[in-house]
Structures are given as structure tokens and as C-alpha cells.
Amino acid sequence: MSDYSCYNFQTKLLHHKHKTDPTTGAVSVPMHLSSTFHQEDLDSFGKYDYSRSANPTREALEEQIALLEGGCRGFAFSSGMAAISTAFLLLSQGDHVVISEDVYGGTFRMVTQVLTRLGITHTFVDMTDLDAVERVIRPNTKAFYIETPSNPLLKVTDIQAVSELAKEQGALTFVDNTFLTPALQQPLQLGADIVLHSATKFLAGHSDVVAGLAVVRDGELAERLYFLQNSFGAVLGVQDAWLLMRGLKTLYVRLRHSSEAAGKLADYLNHHPLVKKVHYPGLKEHSGYQLQRRQAEGPGAVFSFELESEQLVRPFTSHLQIPVLAVSLGAVESILSYPAKMSHASMPEHERRKRGITNTLFRFSAGLEDPEDLIADFEFALAQSTIQALAK
């Protein structure tokens with residue numbers, strides 16, 4: 001059997017255990033739509049019995065993401081939040097979580113409104129400040145939850161340093177790797193225990209799948225997470241698993257183009273008089289620039305920016321032609337998001353403002369368009385915004 005782990009990343013996307021079907025030679029993973037499987041014997045069941053517990057198509061995806069992240073086992077869920085929520089079920093009543101302060105709104109909601117009801121406490125902290133992280137550790141801290149780069153302010157956390165703190169505490173480290181994917185960042189190699197993805201985004205890449213993935217490094221932890229996946233039951237459907245595997249085949253080339261486009265547009269906006277600040281670890285003035293270069297292969301295709309005035313917000317979005325104004329990111333089409341009313345709408349306004357998520361903040365995910373067209377589109381929209389603001 002080939003050792004696919006020796007291949008470079010872009011080769012692993014196409015060449016892996018499931019690249020051809022052993023029965024037919026098909027170069028696409030078969031879609032096993034069966035919910036149940038015939039058993040030859042009452043006392044000895046086969047590998048598959050019921051698709052919530054295991055399905056050959058979903059298993060192919062789970063094995064592929066484990067290979068890409070360098071983990072021992074992968075798990076596919078019905079959404080990114082299903083993956084995150086199931087991972088949190090590893091915790092018990094009385095446990096404490098240390099979590100990135102500007103975390104995705106759905107994760108914030110899960111932690112503050114669901115885990116608290118289960119008797120699991122939390123502390124939000126600026127994960128870029130290791131001294132601050134150390135100060136909030138408690139004797140019952142059992143997990144450190146990292147988003148890096150964070151959503152939506154693109155703060156960069158030192159995965160290795162936080163993972164070392166977690167190990168000293170006997171705690172787990174969870175890393176949401178949605179923004180960078182294993183193409184650019186591999187948290188398990190830096191000491192993390194669980195990597196989480198909203199696979200809806202860059203991994204699937206076409207705005208046609210809702211999915212979540214998790215990968216673990218340790219076999220014993222894998223068994224615990226599998227028990228929860230099977231018990232909780234929020235597994236990914238077969239058709240979505242197949243679409244996600246198809247999307248993965250082009251991940252490397254998509255992310256390379258989108259990252260280059262994001263860098264060009266971020267640099268343009270960084271010098272625009274109507275833009276107060278650009279948050280992107282690909283800019284040298286970003287506080288996490290050097291750390292990002294050390295622990296990742298690139299800054300990614302997502303950045304956020306703040307306009308100078310709230311008066312510019314509506315005219316700016318009304319004059320943009322290319323980006324989709326929508327929830328989500330990581331697709332072939334560029335997506336402009338307004339965190340205050342989209343990704344972080346579930347976070348109370350005072351909590352958003354405390355984290356710097358203002359009403360002038362936008363998050364942008366570059367797609368596959370020509371970056372020069374994107375720059376021209378933004379230039380026109382910003383110019384028209386000025387005209388409308390002055391006319392009032």
C-alpha cells in the first residue's frame with residue numbers, strides 16, 4: 001500500500017487511499033446512499049450496520065481530512081457548529097474553558113448560552129497575550145479554544161505556546177482552522193489536540209454544502225469523540241460528503257489564487273483614505289505578521305476592514321457589484337460580510353464593541369475573480385459612498 005503521507009499537500013488532495021474504487025476502478029468515490037446494511041450473521045456484524053455509526057462515503061472523507069491534517073482520525077458532521085458542539089461535549093459539568101475573545105458568533109452563543117446551562121464555565125481572553133491567558137487559567141480549566149486567525153479581527157495566536165500551557169494544565173487544545181485550512185496551517189503539528197473546520201467554507205469552496213469536520217491526533221481521544229459523534233448523531237449526509245470531497249480536489253489552487261487576491265485588495269484598502277484600518281496578517285504592520293509567517297504557509301484569503309464613518313456603510317455596499325453580500329466565506333465567489341448583523345449578530349452589541357467589532361467593520365473573503373476587477377469595484381463603491389455622504 002502506498003504511503004500517501006509522504007506526498008506534498010497538493011498531491012495528497014488527489015492521491016490517497018480512496019482515489020480509485022477497488023471494485024470498479026472509478027476515479028470518484030462511490031456514493032453509498034444506504035441508511036442500513038445487511039448483516040450475514042446475528043452474532044457477528046460487518047463493519048457497517050447503520051449510516052449514523054459509519055458510512056463508506058463519509059468514511060472516505062474522514063480518512064482524507066485526517067491525512068491532510070496529519071491526524072490519526074477524522075470526523076464529518078452536519079455543520080461546523082455540529083463539529084464544534086460535539087467537541088465541547090468532551091467536557092463535563094464543573095469544567096472551565098479558556099477561549100479566544102473575538103470568536104465566531106455561533107461559537108460564542110454555544111459557549112455562553114448552552115455550555116453554561118450544563119455547568120461548564122468559560123473565560124474569554126485575548127489569546128495573543130500569553131500572560132493574559134496564563135492569568136485566567138483555573139484548576140478546573142480543561143480546554144483552550146483557539147481561532148487563529150480569529151473571526152473577524154484576524155488576530156494571530158501562537159498555537160504551540162498555548163498548546164504547551166494546556167499540556168501543563170492537563171487540558172485539551174481545540175483549534176478552529178476554518179480560515180486557513182490544512183493547506184496553510186496544520187495545528188496538530190504545533191501541539192493542538194483537535195482541529196475543527198466549518199467545511200462549508202474553503203474546504204468545500206462552492207457555497208453548496210453545509211458541513212463540519214474534526215481531526216484528532218490521539219487514538220484514545222479519537223475513540224471518545226467517535227462515541228460522541230455516534231451518540232449525538234449530527235453526522236454529515238452522504239451527498240454532502242461526496243460534494244465536499246469533490247471540492248477538496250481544487251483546494252490548493254483555489255486558496256492560492258484567493259490568498260493572492262486578498263493580499264492585493266488588502267494592500268489597496270490599507271492606503272485608502274476612507275478606510276480606517278485593515279486587519280490582515282499578510283500586512284507587515286499587523287501585530288501577528290511574523291508569528292503568522294512562522295506557524296502557517298500564508299496569511300489566507302480573508303481579511304476585515306473598518307470604514308472611516310458609519311455613514312459610508314450603506315452606500316458602500318449598495319454600489320459594490322462583484323462580491324456577494326452574504327453570510328459565510330471561502331467560496332469561489334468573493335463574499336463581503338457585515339459581522340454586526342451577520343456572523344456575530346448573536347453576540348450582544350456591548351460584547352461586540354468590547355471586542356472591536358464595530359458597526360463600520362466588514363469581513364471580506366476573496367474568491368476567484370481577477371483581483372484588478374475587485375480593486376476597481378471597491379474603488380468605485382468607495383468613491384460613490386463619498387459623494388452620497390457629502391450630499392446629505
# chains A, B, ... in the order shown; residues from 1 in each chain; ligands from 1

call {"tool": "residues_around", "arguments": {"residues": "Asp218 in chain A", "least_positions_apart": "3", "cutoff": "8 Å", "atoms": "only C-alpha atoms", "output": "PDB file with N, CA, C and O atoms, in the first residue's frame"}}
result
ATOM      1  N   GLY A  71      -3.511  13.935  11.238  1.00  0.00           N
ATOM      2  CA  GLY A  71      -4.076  13.363  12.457  1.00  0.00           C
ATOM      3  C   GLY A  71      -4.288  11.872  12.327  1.00  0.00           C
ATOM      4  O   GLY A  71      -4.067  11.273  11.258  1.00  0.00           O
ATOM      5  N   CYS A  72      -4.758  11.251  13.415  1.00  0.00           N
ATOM      6  CA  CYS A  72      -4.972   9.800  13.379  1.00  0.00           C
ATOM      7  C   CYS A  72      -6.383   9.448  12.922  1.00  0.00           C
ATOM      8  O   CYS A  72      -6.623   8.331  12.463  1.00  0.00           O
ATOM      9  N   ASP A 193      -4.722  19.382  20.044  1.00  0.00           N
ATOM     10  CA  ASP A 193      -5.319  18.050  20.177  1.00  0.00           C
ATOM     11  C   ASP A 193      -6.444  17.797  19.188  1.00  0.00           C
ATOM     12  O   ASP A 193      -6.621  16.673  18.712  1.00  0.00           O
ATOM     13  N   LEU A 221      -8.355   9.756  22.353  1.00  0.00           N
ATOM     14  CA  LEU A 221      -9.265  10.891  22.192  1.00  0.00           C
ATOM     15  C   LEU A 221     -10.188  10.657  20.997  1.00  0.00           C
ATOM     16  O   LEU A 221     -11.368  11.029  21.027  1.00  0.00           O
ATOM     17  N   ALA A 222      -9.676  10.022  19.963  1.00  0.00           N
ATOM     18  CA  ALA A 222     -10.494   9.707  18.790  1.00  0.00           C
ATOM     19  C   ALA A 222     -11.666   8.807  19.163  1.00  0.00           C
ATOM     20  O   ALA A 222     -12.792   9.007  18.698  1.00  0.00           O
TER      21      ALA A 222
END

call {"tool": "residues_around", "arguments": {"residues": "range 88-99 of chain A", "least_positions_apart": "3", "cutoff": "7 Å", "atoms": "only C-alpha atoms", "output": "ChimeraX atom specification"}}
result
/A:84-85,118-125,140-146

call {"tool": "closest_atom_pairs", "arguments": {"of": "range 245-335 of chain A", "to": "range 375-385 of chain A", "cutoff": "8 Å", "atoms": "only C-alpha atoms", "output": "Markdown table"}}
result
| residue | atom | partner | partner_atom | distance |
| --- | --- | --- | --- | --- |
| A:Leu265 | CA | A:Ile375 | CA | 5.9 |
| A:Tyr268 | CA | A:Ile375 | CA | 7.3 |
| A:Leu274 | CA | A:Leu382 | CA | 7.3 |
| A:Leu312 | CA | A:Ser385 | CA | 5.5 |
| A:Val313 | CA | A:Ser385 | CA | 8.0 |
| A:Pro315 | CA | A:Ser385 | CA | 5.0 |
| A:Phe316 | CA | A:Ser385 | CA | 5.2 |
| A:Thr317 | CA | A:Ala381 | CA | 7.4 |
| A:Ser318 | CA | A:Ala381 | CA | 7.8 |
| A:His319 | CA | A:Ala381 | CA | 4.8 |
| A:Leu320 | CA | A:Ala381 | CA | 5.3 |
| A:Gln321 | CA | A:Asp377 | CA | 6.5 |
| A:Ile322 | CA | A:Asp377 | CA | 6.8 |

call {"tool": "write_last_selection", "arguments": {"atoms": "C-alpha atoms", "output": "PDB file, in the first residue's frame"}}
result
ATOM      1  CA  LEU A 265      -7.044  44.157  -2.167  1.00  0.00           C
ATOM      2  CA  TYR A 268      -5.075  48.732  -1.684  1.00  0.00           C
ATOM      3  CA  LEU A 274     -11.881  56.185   3.634  1.00  0.00           C
ATOM      4  CA  LEU A 312     -20.403  55.221   4.419  1.00  0.00           C
ATOM      5  CA  VAL A 313     -21.631  51.726   5.239  1.00  0.00           C
ATOM      6  CA  PRO A 315     -23.827  53.486   0.192  1.00  0.00           C
ATOM      7  CA  PHE A 316     -20.639  51.420   0.024  1.00  0.00           C
ATOM      8  CA  THR A 317     -22.489  48.090  -0.005  1.00  0.00           C
ATOM      9  CA  SER A 318     -25.137  49.361  -2.416  1.00  0.00           C
ATOM     10  CA  HIS A 319     -22.534  50.300  -5.045  1.00  0.00           C
ATOM     11  CA  LEU A 320     -20.395  47.157  -4.901  1.00  0.00           C
ATOM     12  CA  GLN A 321     -21.067  44.900  -7.879  1.00  0.00           C
ATOM     13  CA  ILE A 322     -18.781  41.870  -7.600  1.00  0.00           C
TER      14      ILE A 322
END

call {"tool": "atom_distance", "arguments": {"atom1": "CA of Asp240 in chain A", "atom2": "CA of Met347 in chain A"}}
result
29.2 Å

call {"tool": "residues_around", "arguments": {"residues": "range 49-62 of chain A", "least_positions_apart": "3", "cutoff": "9 Å", "atoms": "only C-alpha atoms", "output": "number ranges by chain"}}
result
A: 17-18, 29-39, 45-46, 65-67, 73-76, 213-215, 226, 229-231, 233-242, 244-245

call {"tool": "select_by_dssp", "arguments": {"residues": "range 107-161 of chain A", "states": "strand (DSSP E or B)", "output": "VMD selection string"}}
result
chain A and resid 121 to 125 141 to 147

call {"tool": "closest_residue", "arguments": {"among": "A:His197, A:Arg138, A:Lys264, A:Arg355", "to": "Asp370 in chain A", "atoms": "only C-alpha atoms"}}
result
A:Lys264

call {"tool": "atom_distance", "arguments": {"atom1": "CA of Lys354 in chain A", "atom2": "CA of Ser100 in chain A"}}
result
13.2 Å
